[in-house]
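Chemist: The following block contains the structure, expressed as structure tokens.
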Amino acid sequence: MTADSTVPNALKLVKYDIPDSAKTYKPNAPFIAKVVANERLTEEGTQVDIRNIVFDLTDSGIQYIEGQSIGIIPPGTQADGRPHRVRLYSIASARTGEYGCSQTVTLCVKRVLFQDEQGVEVYGIASNFLCNLNVGETAAIMGPTGRTFFLPADDNVNLLMVAAGTGIAPFRAFIQRIYRDKKTWNGQVRLFYGVRNAMESAYMNSRNDDIAQYMSHDTFEAFQAFSHVEPSRKVYVQDQIASNKDEVCAIIAEGNFSFYLCGMKAMEQGVEDVLRGHFGEQWEAMRTRFKAEGRWNIETY
């Protein structure tokens with residue numbers, strides 16, 4: 001399989017190298033995957049529960065690459081008696097999997113729990129099902145899906161990655177692929193990650209350093225934005241991008257880059273405002289060109 005044929009050869013960045021023999025599962029015929037690990041990522045002292053959940057794909061025929069998603073089908077039915085709809089989760093592991101086993105796939109899941117207007121606790125159906133799974137239990141999965149949110153084939157390309165919350169998942173996979181599997185990346189790699197506080201910083205805290213451990217590489221730098229540390233000073237990803245605007249905008253202006261944003265849709269506007277403020281009236285045309293070239297990759301919800 002190849003990248004979008006409408007993109008000029010000189011600008012092709014994506015390498016879609018999943019073999020045709022790989023299997024893809026549909027909701028009406030999912031693969032039943034067994035849990036091999038379920039680890040809490042957020043530190044003690046915070047009520048936010050984010051988990052690293054690893055599934056065994058042995059005998060599934062699934063082959064995925066970084067940037068794809070897996071669908072989870074919660075057990076049971078909706079109020080109308082129909083099966084629950086599929087929930088998509090970005091894959092948080094490189095194609096080589098966890099623990100040196102390529103027959104695994106990892107999801108980064110936040111337990112959804114809130115109070116409605118009447119003060120009644122509401123539990124997210126899929127997230128609580130996943131977060132409550134024990135090792136050895138199973139889940140019905142579909143996919144993998146996704147054909148655009150990929151690393152460039154050329155490791156000289158500069159990477160700009162922006163995430164909030166569990167939107168960090170595909171970037172953990174990217175960074176594993178770059179520094180664990182490929183061992184290096186010649187382009188500059190910049191990650192901007194927003195969470196409420198340091199205890200909720202998935203993969204970059206005292207409980208789990210799966211991303212932080214690669215900070216020693218010359219090409220990699222991560223900037224964290226904490227929005228709930230000081231009531232009078234909320235720092236978001238767009239603020240960190242603004243603080244590093246000279247480097248970010250120089251990378252974009254030079255043109256040899258690929259940009260990725262994953263997380264809540266609300267943060268997209270803030271990031272756009274920073275870039276528009278720098279590039280002015282040129283920005284809309286620049287962004288349109290970057291999208292056509294495969295350099296501008298957005299996954300929001």
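Scheme for the structure tokens: letters A, B, ... for chains in order shown; per-chain residue numbers from 1; ligand numbers from 1 in order shown.
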I'd like the neighbourhood of A:Leu160 as an MDAnalysis selection string, where a residue qualifies if any of its atoms comes within 8 Å (using only C-alpha atoms), though same-chain residues fewer than 5 positions away should be ignored.
Modeler: chainID A and resid 189:191 248 257:260
Chemist: Pick out the residues sitting within 9 Å of A:Ala266, and hand them over as an mmCIF file with C-alpha atoms, in the first residue's frame; count only C-alpha atoms, and ignore anything fewer than 4 positions along from it in its own chain.
Modeler:
data_model
loop_
_atom_site.group_PDB
_atom_site.id
_atom_site.type_symbol
_atom_site.label_atom_id
_atom_site.label_comp_id
_atom_site.auth_asym_id
_atom_site.auth_seq_id
_atom_site.Cartn_x
_atom_site.Cartn_y
_atom_site.Cartn_z
ATOM 1 C CA GLY A 270 -5.521 27.993 20.480
ATOM 2 C CA THR A 300 -9.376 15.570 17.640
ATOM 3 C CA TYR A 301 -12.581 14.613 19.406
#
Chemist: So the first atom is atom CA of A:Ser216 and the second is atom CA of A:Met199; what is the distance between them in Å, to one decimal place?
Modeler: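 Separation of atom CA of A:Ser216 and atom CA of A:Met199: 21.4 Å.
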Chemist: Which residue is closest to A:Thr96? Choose from A:Leu133, A:Ile178, A:Cys108, A:Leu151 and count only C-alpha atoms.
Modeler: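 Nearest candidate to A:Thr96 out of A:Leu133, A:Ile178, A:Cys108, A:Leu151: A:Ile178.
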Chemist: With a distance cut-off of 8 Å and only C-alpha atoms, select the neighbouring residues of A:Gln240, excluding the residue or stretch itself and same-chain residues fewer than 6 positions from it, and output the selection as a list in words.
Modeler: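 Non-adjacent residues within range: Phe192, Phe223, Gln224 and Ala225 of chain A.
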Chemist: So, counting only C-alpha atoms, which residue among A:Val135, A:Val162, A:Ile141, A:Ile65 is closest to A:Pro19?
Modeler: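 Result for the nearest residue to A:Pro19: A:Ile65.
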Chemist: What's around A:Phe55 at 10 Å? Count only C-alpha atoms, leave out sequence neighbours fewer than 6 positions away in its own chain, and write the answer as an MDAnalysis selection string.
Modeler: chainID A and resid 32:38 97:98 103:107 135:139 141
Chemist: Which polymer residues have any atom within 9 Å of an atom of A:Lys245, counting only C-alpha atoms, with same-chain residues fewer than 5 positions away left out, as a PyMOL selection string?
Modeler: chain A and resi 240+250+274-275+278
Chemist: Would you write out those residues with C-alpha atoms, as an mmCIF file, in the first residue's frame?
Modeler:
data_model
loop_
_atom_site.group_PDB
_atom_site.id
_atom_site.type_symbol
_atom_site.label_atom_id
_atom_site.label_comp_id
_atom_site.auth_asym_id
_atom_site.auth_seq_id
_atom_site.Cartn_x
_atom_site.Cartn_y
_atom_site.Cartn_z
ATOM 1 C CA GLN A 240 4.164 26.640 25.526
ATOM 2 C CA ALA A 250 11.223 28.628 11.905
ATOM 3 C CA VAL A 274 -0.483 31.361 17.847
ATOM 4 C CA LEU A 275 0.613 30.411 14.336
ATOM 5 C CA HIS A 278 3.039 34.915 13.637
#
Chemist: Leaving out A:Ala126 and any residue of its chain fewer than 2 positions from it, which residues lie within 8 Å of it when counting only C-alpha atoms, given as JSON, numbers by chain?
Modeler: {"A": [72, 73, 74, 87, 124, 128, 129, 130]}
Chemist: Next, the residues of the selection above should be written as a PDB file, in the first residue's frame with N, CA and C atoms.
Modeler:
ATOM      1  N   ILE A  72     -12.834  -0.584  20.384  1.00  0.00           N
ATOM      2  CA  ILE A  72     -13.259  -1.435  21.489  1.00  0.00           C
ATOM      3  C   ILE A  72     -14.793  -1.496  21.493  1.00  0.00           C
ATOM      4  N   ILE A  73     -15.335  -2.694  21.633  1.00  0.00           N
ATOM      5  CA  ILE A  73     -16.777  -2.882  21.682  1.00  0.00           C
ATOM      6  C   ILE A  73     -17.152  -3.299  23.103  1.00  0.00           C
ATOM      7  N   PRO A  74     -17.702  -2.385  23.903  1.00  0.00           N
ATOM      8  CA  PRO A  74     -18.068  -2.743  25.284  1.00  0.00           C
ATOM      9  C   PRO A  74     -19.116  -3.846  25.292  1.00  0.00           C
ATOM     10  N   ARG A  87     -15.948   2.229  20.291  1.00  0.00           N
ATOM     11  CA  ARG A  87     -15.155   3.382  20.710  1.00  0.00           C
ATOM     12  C   ARG A  87     -13.743   3.216  20.164  1.00  0.00           C
ATOM     13  N   GLY A 124     -18.380   6.377  32.310  1.00  0.00           N
ATOM     14  CA  GLY A 124     -18.201   6.094  30.893  1.00  0.00           C
ATOM     15  C   GLY A 124     -18.215   4.591  30.665  1.00  0.00           C
ATOM     16  N   ASN A 128     -14.623   2.674  31.593  1.00  0.00           N
ATOM     17  CA  ASN A 128     -14.647   1.933  32.854  1.00  0.00           C
ATOM     18  C   ASN A 128     -14.551   0.436  32.628  1.00  0.00           C
ATOM     19  N   PHE A 129     -15.133  -0.035  31.541  1.00  0.00           N
ATOM     20  CA  PHE A 129     -14.956  -1.447  31.194  1.00  0.00           C
ATOM     21  C   PHE A 129     -13.476  -1.762  31.012  1.00  0.00           C
ATOM     22  N   LEU A 130     -12.776  -0.912  30.255  1.00  0.00           N
ATOM     23  CA  LEU A 130     -11.358  -1.152  29.992  1.00  0.00           C
ATOM     24  C   LEU A 130     -10.511  -1.001  31.251  1.00  0.00           C
TER      25      LEU A 130
END
Chemist: Could you pull out all residues of stretch 213-286 of chain A with a DSSP call of strand (DSSP E or B) and give them as a PDB file with C-alpha atoms, in the first residue's frame?
Modeler:
ATOM      1  CA  PHE A 220      14.191  15.332  21.283  1.00  0.00           C
ATOM      2  CA  GLU A 221      12.704  17.932  23.591  1.00  0.00           C
ATOM      3  CA  ALA A 222       9.365  17.914  25.426  1.00  0.00           C
ATOM      4  CA  PHE A 223       7.485  20.910  26.821  1.00  0.00           C
ATOM      5  CA  GLN A 224       4.760  20.300  29.374  1.00  0.00           C
ATOM      6  CA  ALA A 225       1.881  22.673  30.101  1.00  0.00           C
ATOM      7  CA  PHE A 226       0.128  22.412  33.478  1.00  0.00           C
ATOM      8  CA  GLU A 230      -1.580  27.869  40.001  1.00  0.00           C
ATOM      9  CA  ARG A 233      -1.735  31.127  35.946  1.00  0.00           C
ATOM     10  CA  PHE A 257       8.427  19.221   8.839  1.00  0.00           C
ATOM     11  CA  SER A 258       5.387  17.143   9.751  1.00  0.00           C
ATOM     12  CA  PHE A 259       2.891  18.482  12.300  1.00  0.00           C
ATOM     13  CA  TYR A 260       0.595  16.359  14.478  1.00  0.00           C
ATOM     14  CA  LEU A 261      -2.113  17.354  16.947  1.00  0.00           C
ATOM     15  CA  CYS A 262      -4.125  14.839  18.988  1.00  0.00           C
ATOM     16  CA  GLY A 263      -6.634  15.438  21.786  1.00  0.00           C
TER      17      GLY A 263
END
Chemist: Could you pull the residues within 12 Å of A:Gly167, counting only C-alpha atoms, minus those fewer than 2 positions along the same chain, as number ranges by chain?
Modeler: A: 50, 67, 69, 89-92, 107-110, 161-165, 169-173, 191-195, 201-203, 260-265, 267, 298-301
Chemist: Please identify which residues in stretch 154-217 of chain A DSSP calls alpha helix (DSSP H) from the backbone, and express them as a PyMOL selection string.
Modeler: chain A and resi 169-175
Chemist: Would you export the selected residues with N, CA and C atoms as a compact mmCIF listing (two decimals), in the first residue's frame, please?
Modeler:
# COMPACT_ATOMS: atom_id res chain seq x y z
N ALA A 169 -1.17 9.32 23.42
CA ALA A 169 -1.02 7.92 23.02
C ALA A 169 -0.23 7.72 21.72
N PRO A 170 -0.64 8.33 20.59
CA PRO A 170 0.12 8.06 19.37
C PRO A 170 1.55 8.57 19.42
N PHE A 171 1.81 9.58 20.26
CA PHE A 171 3.16 10.13 20.32
C PHE A 171 4.08 9.24 21.15
N ARG A 172 3.53 8.52 22.12
CA ARG A 172 4.33 7.48 22.78
C ARG A 172 4.77 6.46 21.74
N ALA A 173 3.83 6.06 20.86
CA ALA A 173 4.16 5.10 19.81
C ALA A 173 5.21 5.67 18.86
N PHE A 174 5.05 6.93 18.46
CA PHE A 174 6.03 7.56 17.58
C PHE A 174 7.41 7.56 18.22
N ILE A 175 7.49 7.98 19.47
CA ILE A 175 8.77 8.12 20.14
C ILE A 175 9.43 6.76 20.37
Chemist: Which residue, A:Val86, A:Ile70, A:Leu113, A:Leu41, has the smallest gap to A:Asn28 when you use only C-alpha atoms?
Modeler: A:Val86
Chemist: Could you check the closest approach to A:Gly280 for each of A:Met204, A:Cys249, A:Ala292, A:Leu57 and tell me which residue wins, using only C-alpha atoms?
Modeler: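 Looking only at the distances to A:Gly280, the closest residue turns out to be A:Cys249.
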Chemist: Counting only C-alpha atoms, figure out which residue out of A:Ile251, A:Ile53, A:Leu88, A:Ala153 gets nearest to A:Cys131.
Modeler: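 Among A:Ile251, A:Ile53, A:Leu88, A:Ala153, it is A:Ile53 that comes nearest to A:Cys131.
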Chemist: Interatomic distance between atom CA of A:Ser127 and atom CA of A:Pro83?
Modeler: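 We find that atom CA of A:Ser127 and atom CA of A:Pro83 lie 16.0 Å from each other.
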